[in-house]
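Enquirer: Mind looking over this structure? Questions follow.
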Amino acid sequence: MTTTVTVAGDEAATLSETDLVELSCGIAGCGSNCCTKSAPIVLNPYEIARLCKESGLSYEDLIDSVDTERARAFPLVMLPRDPACHFLTEKGCRIHAARPLACRLFPLGRVFDKGRSHFVLPRRNVCGGLDASPKKTVADYLRDQDAVKYMEMADRWIEFVSDVEQLPLPDAPVTSVAFHLLVYSPDTPPVPGSLRSNPGLSLEERFLARLLTARDQLPRFLKI
């Protein structure tokens, strides 16, 4: 029996990782709504660290290229795509190797419903830039797009957000300052002293250490 979930007001059938799809996406980019004329992509700190490393931008410079907001006191960092993504050039995506998870999945989407994640292919995700490809499974496509590691980090971020949302975060600029310093910025990593001098740590290890330390430091910083 096919199950459906609601995506932006529309019902979309869920897909399993063994379902066959005919998807392939390359580096060239296109005029479809993956890169242009679509809602901003909400970035997590792991994606931000990857973007900074690939683009050569400091976190401060990256912030000048993105949008920031607060949603119920929780700060958001978003990559605009209207009229086009900041990193889309005439030669295609200039940070393709570090593109966020939403870009790697597109035109698939990943939504959470009743505590579970589901893959969907929303009708609103119009994509005219797909390369011709033989049918493969959803799992094949995720591996081709190097999305598995990004999904693992996204899940850890969701766990962190769920925990932090239980705190009485003040809906004030100080909350944004705390998150930019302690959580989002890879240039000021709040990691234990034993890890700071270890250049061999991967971005994934630094991200996870960052979340672990931020859980402890945020209440102190915000005095809650």
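How things are named: the first chain in the structure tokens is A, the next is B, and so on; residues count from 1 in each chain; ligands count from 1 in the order shown.
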Can you tell me which residues surround Pro186 (chain A) at a distance of at most 9 Å, considering only C-alpha atoms, apart from same-chain residues fewer than 4 positions away, and format the answer as a ChimeraX atom specification?

Expert: /A:45-46,48-49,52,58-59,181-182,190,206-207,210

Enquirer: Which residues of region 74-174 of chain A have any atom within 8 Å of an atom in region 3-26 of chain A when counting only C-alpha atoms, and what is the closest pair of atoms for each, with the distance in Å to one decimal? Order the rows by chain and rising number and write it as a Markdown table.

Expert:
```
| residue | atom | partner | partner_atom | distance |
| --- | --- | --- | --- | --- |
| A:Val111 | CA | A:Val7 | CA | 7.8 |
| A:Asp113 | CA | A:Val5 | CA | 7.1 |
| A:His118 | CA | A:Thr14 | CA | 6.0 |
| A:Phe119 | CA | A:Leu15 | CA | 5.2 |
| A:Val120 | CA | A:Thr14 | CA | 4.8 |
| A:Leu121 | CA | A:Ala12 | CA | 6.7 |
| A:Pro122 | CA | A:Ala12 | CA | 5.7 |
| A:Arg123 | CA | A:Ala12 | CA | 7.6 |
| A:Gly129 | CA | A:Cys25 | CA | 7.1 |
| A:Leu130 | CA | A:Cys25 | CA | 5.2 |
| A:Asp131 | CA | A:Ser24 | CA | 5.4 |
| A:Ala132 | CA | A:Ser24 | CA | 7.0 |
| A:Ser133 | CA | A:Ser24 | CA | 6.1 |
| A:Pro134 | CA | A:Glu22 | CA | 6.2 |
| A:Lys135 | CA | A:Glu22 | CA | 4.6 |
| A:Lys136 | CA | A:Leu20 | CA | 5.3 |
| A:Thr137 | CA | A:Leu20 | CA | 4.3 |
| A:Val138 | CA | A:Glu17 | CA | 4.6 |
| A:Ala139 | CA | A:Glu17 | CA | 4.7 |
| A:Tyr141 | CA | A:Leu23 | CA | 6.9 |
| A:Gln145 | CA | A:Cys25 | CA | 8.0 |
```

Enquirer: Please, which residues of chain A, numbered as in this document, come out alpha helix (DSSP H) from DSSP, as a ChimeraX atom specification?

Expert: /A:45-55,59-63,101-105,138-144,148-164,173-179,193-196,203-222

Enquirer: Do a neighbour search on region 60-76 of chain A at 9 Å with only C-alpha atoms, toss out local chain neighbours closer than 5 positions, and write the hits as a list in words.

Expert: Pro40, Val42, Leu43, Asn44, Ile48, Leu51, Cys52, Ser55, His86, Val161, Glu165, Leu169, Pro170, Asp171, Ala172, Pro173, Thr175, Ser176, Val177, Phe179, His180, Ser185 and Asp187 of chain A

Enquirer: Using only C-alpha atoms, which of the listed residues (A:Asn125, A:Phe112, A:Met151, A:Cys35) sits closest to Arg94 (chain A)?

Expert: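 So, comparing all the options, the nearest one is A:Cys35.
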
Enquirer: Between CA of Glu152 (chain A) and CA of Arg215 (chain A), what distance in Å does the model show, to one decimal?

Expert: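 Going from CA of Glu152 (chain A) over to CA of Arg215 (chain A), I get 18.8 Å.
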
Enquirer: Would you mind writing down, as a PyMOL selection string, each residue of region 69-180 of chain A that DSSP on the backbone assigns to strand (DSSP E)?

Expert: chain A and resi 69-71+74-84+88-89+92-93+109-113+116-120+136-137

Enquirer: Based on the selection just made, write N, CA, C and O atoms of those residues as a short mmCIF file (atom, residue, chain, number, x, y, z; two decimals), in the first residue's frame.

Expert:
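What landed in again_17.cif:
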```cif
data_model
loop_
_atom_site.label_atom_id
_atom_site.label_comp_id
_atom_site.auth_asym_id
_atom_site.auth_seq_id
_atom_site.Cartn_x
_atom_site.Cartn_y
_atom_site.Cartn_z
N GLU A 69 17.58 34.63 9.89
CA GLU A 69 16.32 34.96 10.55
C GLU A 69 16.27 34.24 11.89
O GLU A 69 17.16 33.46 12.24
N ARG A 70 15.19 34.51 12.64
CA ARG A 70 14.90 33.75 13.84
C ARG A 70 13.49 33.19 13.72
O ARG A 70 12.57 33.87 13.31
N ALA A 71 13.35 31.91 14.06
CA ALA A 71 12.04 31.26 14.07
C ALA A 71 11.75 30.78 15.48
O ALA A 71 12.43 29.86 15.96
N PHE A 74 14.74 30.59 17.51
CA PHE A 74 15.83 29.78 16.99
C PHE A 74 16.43 30.42 15.73
O PHE A 74 15.71 30.64 14.76
N PRO A 75 17.72 30.74 15.74
CA PRO A 75 18.34 31.38 14.58
C PRO A 75 18.43 30.43 13.38
O PRO A 75 18.70 29.24 13.53
N LEU A 76 18.22 30.98 12.19
CA LEU A 76 18.32 30.22 10.95
C LEU A 76 19.34 30.88 10.03
O LEU A 76 19.42 32.11 9.96
N VAL A 77 20.10 30.06 9.33
CA VAL A 77 21.01 30.52 8.29
C VAL A 77 20.54 29.88 6.99
O VAL A 77 20.44 28.65 6.89
N MET A 78 20.23 30.71 5.99
CA MET A 78 19.57 30.20 4.78
C MET A 78 20.29 30.65 3.51
O MET A 78 20.75 31.79 3.42
N LEU A 79 20.37 29.74 2.56
CA LEU A 79 20.99 30.02 1.26
C LEU A 79 19.89 30.43 0.29
O LEU A 79 19.07 29.59 -0.10
N PRO A 80 19.84 31.70 -0.11
CA PRO A 80 18.77 32.15 -1.03
C PRO A 80 18.92 31.53 -2.41
O PRO A 80 20.03 31.27 -2.87
N ARG A 81 17.77 31.34 -3.08
CA ARG A 81 17.78 30.83 -4.47
C ARG A 81 16.81 31.61 -5.35
O ARG A 81 16.32 31.07 -6.34
N ASP A 82 16.54 32.82 -5.00
CA ASP A 82 15.63 33.65 -5.80
C ASP A 82 16.24 35.04 -5.95
O ASP A 82 16.38 35.75 -4.97
N PRO A 83 16.65 35.43 -7.16
CA PRO A 83 16.40 34.72 -8.43
C PRO A 83 17.31 33.53 -8.68
O PRO A 83 17.00 32.68 -9.49
N ALA A 84 18.48 33.47 -8.03
CA ALA A 84 19.37 32.32 -8.24
C ALA A 84 20.29 32.17 -7.04
O ALA A 84 20.55 33.12 -6.31
N LEU A 88 25.78 29.89 -8.03
CA LEU A 88 25.54 29.46 -9.42
C LEU A 88 26.21 30.45 -10.37
O LEU A 88 25.94 31.64 -10.33
N THR A 89 27.10 29.96 -11.23
CA THR A 89 27.80 30.79 -12.20
C THR A 89 27.47 30.32 -13.61
O THR A 89 26.74 29.35 -13.80
N GLY A 92 28.28 26.80 -14.01
CA GLY A 92 27.60 25.86 -13.12
C GLY A 92 27.85 26.19 -11.67
O GLY A 92 28.24 27.31 -11.32
N CYS A 93 27.65 25.21 -10.81
CA CYS A 93 27.75 25.41 -9.36
C CYS A 93 29.22 25.44 -8.95
O CYS A 93 29.95 24.47 -9.16
N GLY A 109 12.96 14.77 -2.24
CA GLY A 109 12.92 15.49 -0.98
C GLY A 109 12.94 14.50 0.16
O GLY A 109 12.65 13.31 -0.02
N ARG A 110 13.31 14.97 1.34
CA ARG A 110 13.33 14.13 2.53
C ARG A 110 12.53 14.85 3.60
O ARG A 110 12.88 15.96 4.01
N VAL A 111 11.46 14.25 4.03
CA VAL A 111 10.57 14.90 4.99
C VAL A 111 10.38 13.98 6.20
O VAL A 111 10.55 12.75 6.11
N PHE A 112 10.05 14.60 7.32
CA PHE A 112 9.81 13.85 8.54
C PHE A 112 8.32 13.87 8.85
O PHE A 112 7.69 14.92 8.81
N ASP A 113 7.78 12.70 9.14
CA ASP A 113 6.36 12.58 9.46
C ASP A 113 6.20 11.51 10.52
O ASP A 113 6.65 10.37 10.34
N ARG A 116 9.38 9.67 11.61
CA ARG A 116 10.15 8.92 10.61
C ARG A 116 10.49 9.81 9.43
O ARG A 116 9.74 10.72 9.09
N SER A 117 11.63 9.54 8.80
CA SER A 117 11.99 10.27 7.59
C SER A 117 11.53 9.50 6.37
O SER A 117 11.53 8.25 6.36
N HIS A 118 11.10 10.23 5.35
CA HIS A 118 10.61 9.62 4.11
C HIS A 118 11.22 10.34 2.92
O HIS A 118 11.40 11.56 2.95
N PHE A 119 11.51 9.57 1.87
CA PHE A 119 11.91 10.18 0.59
C PHE A 119 10.66 10.35 -0.26
O PHE A 119 9.79 9.47 -0.30
N VAL A 120 10.59 11.48 -0.94
CA VAL A 120 9.45 11.77 -1.80
C VAL A 120 9.95 12.41 -3.08
O VAL A 120 11.09 12.88 -3.17
N LYS A 136 17.83 3.36 -11.74
CA LYS A 136 18.59 2.92 -10.58
C LYS A 136 17.68 3.05 -9.37
O LYS A 136 16.59 3.61 -9.45
N THR A 137 18.11 2.55 -8.24
CA THR A 137 17.30 2.67 -7.03
C THR A 137 17.55 4.02 -6.37
O THR A 137 18.53 4.72 -6.67
#
```

Enquirer: Of the residues A:Leu208, A:Ala102, A:Leu222, A:Ala154, which is the one nearest to Val174 (chain A), using only C-alpha atoms?

Expert: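 Closest to Val174 (chain A), using only C-alpha atoms: A:Leu222.
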
Enquirer: Using only C-alpha atoms, which residue out of A:Ala209, A:Cys85, A:Ala178, A:Ala39 lies closest to Arg124 (chain A)?

Expert: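 For Arg124 (chain A), the nearest of the candidates is A:Ala39.
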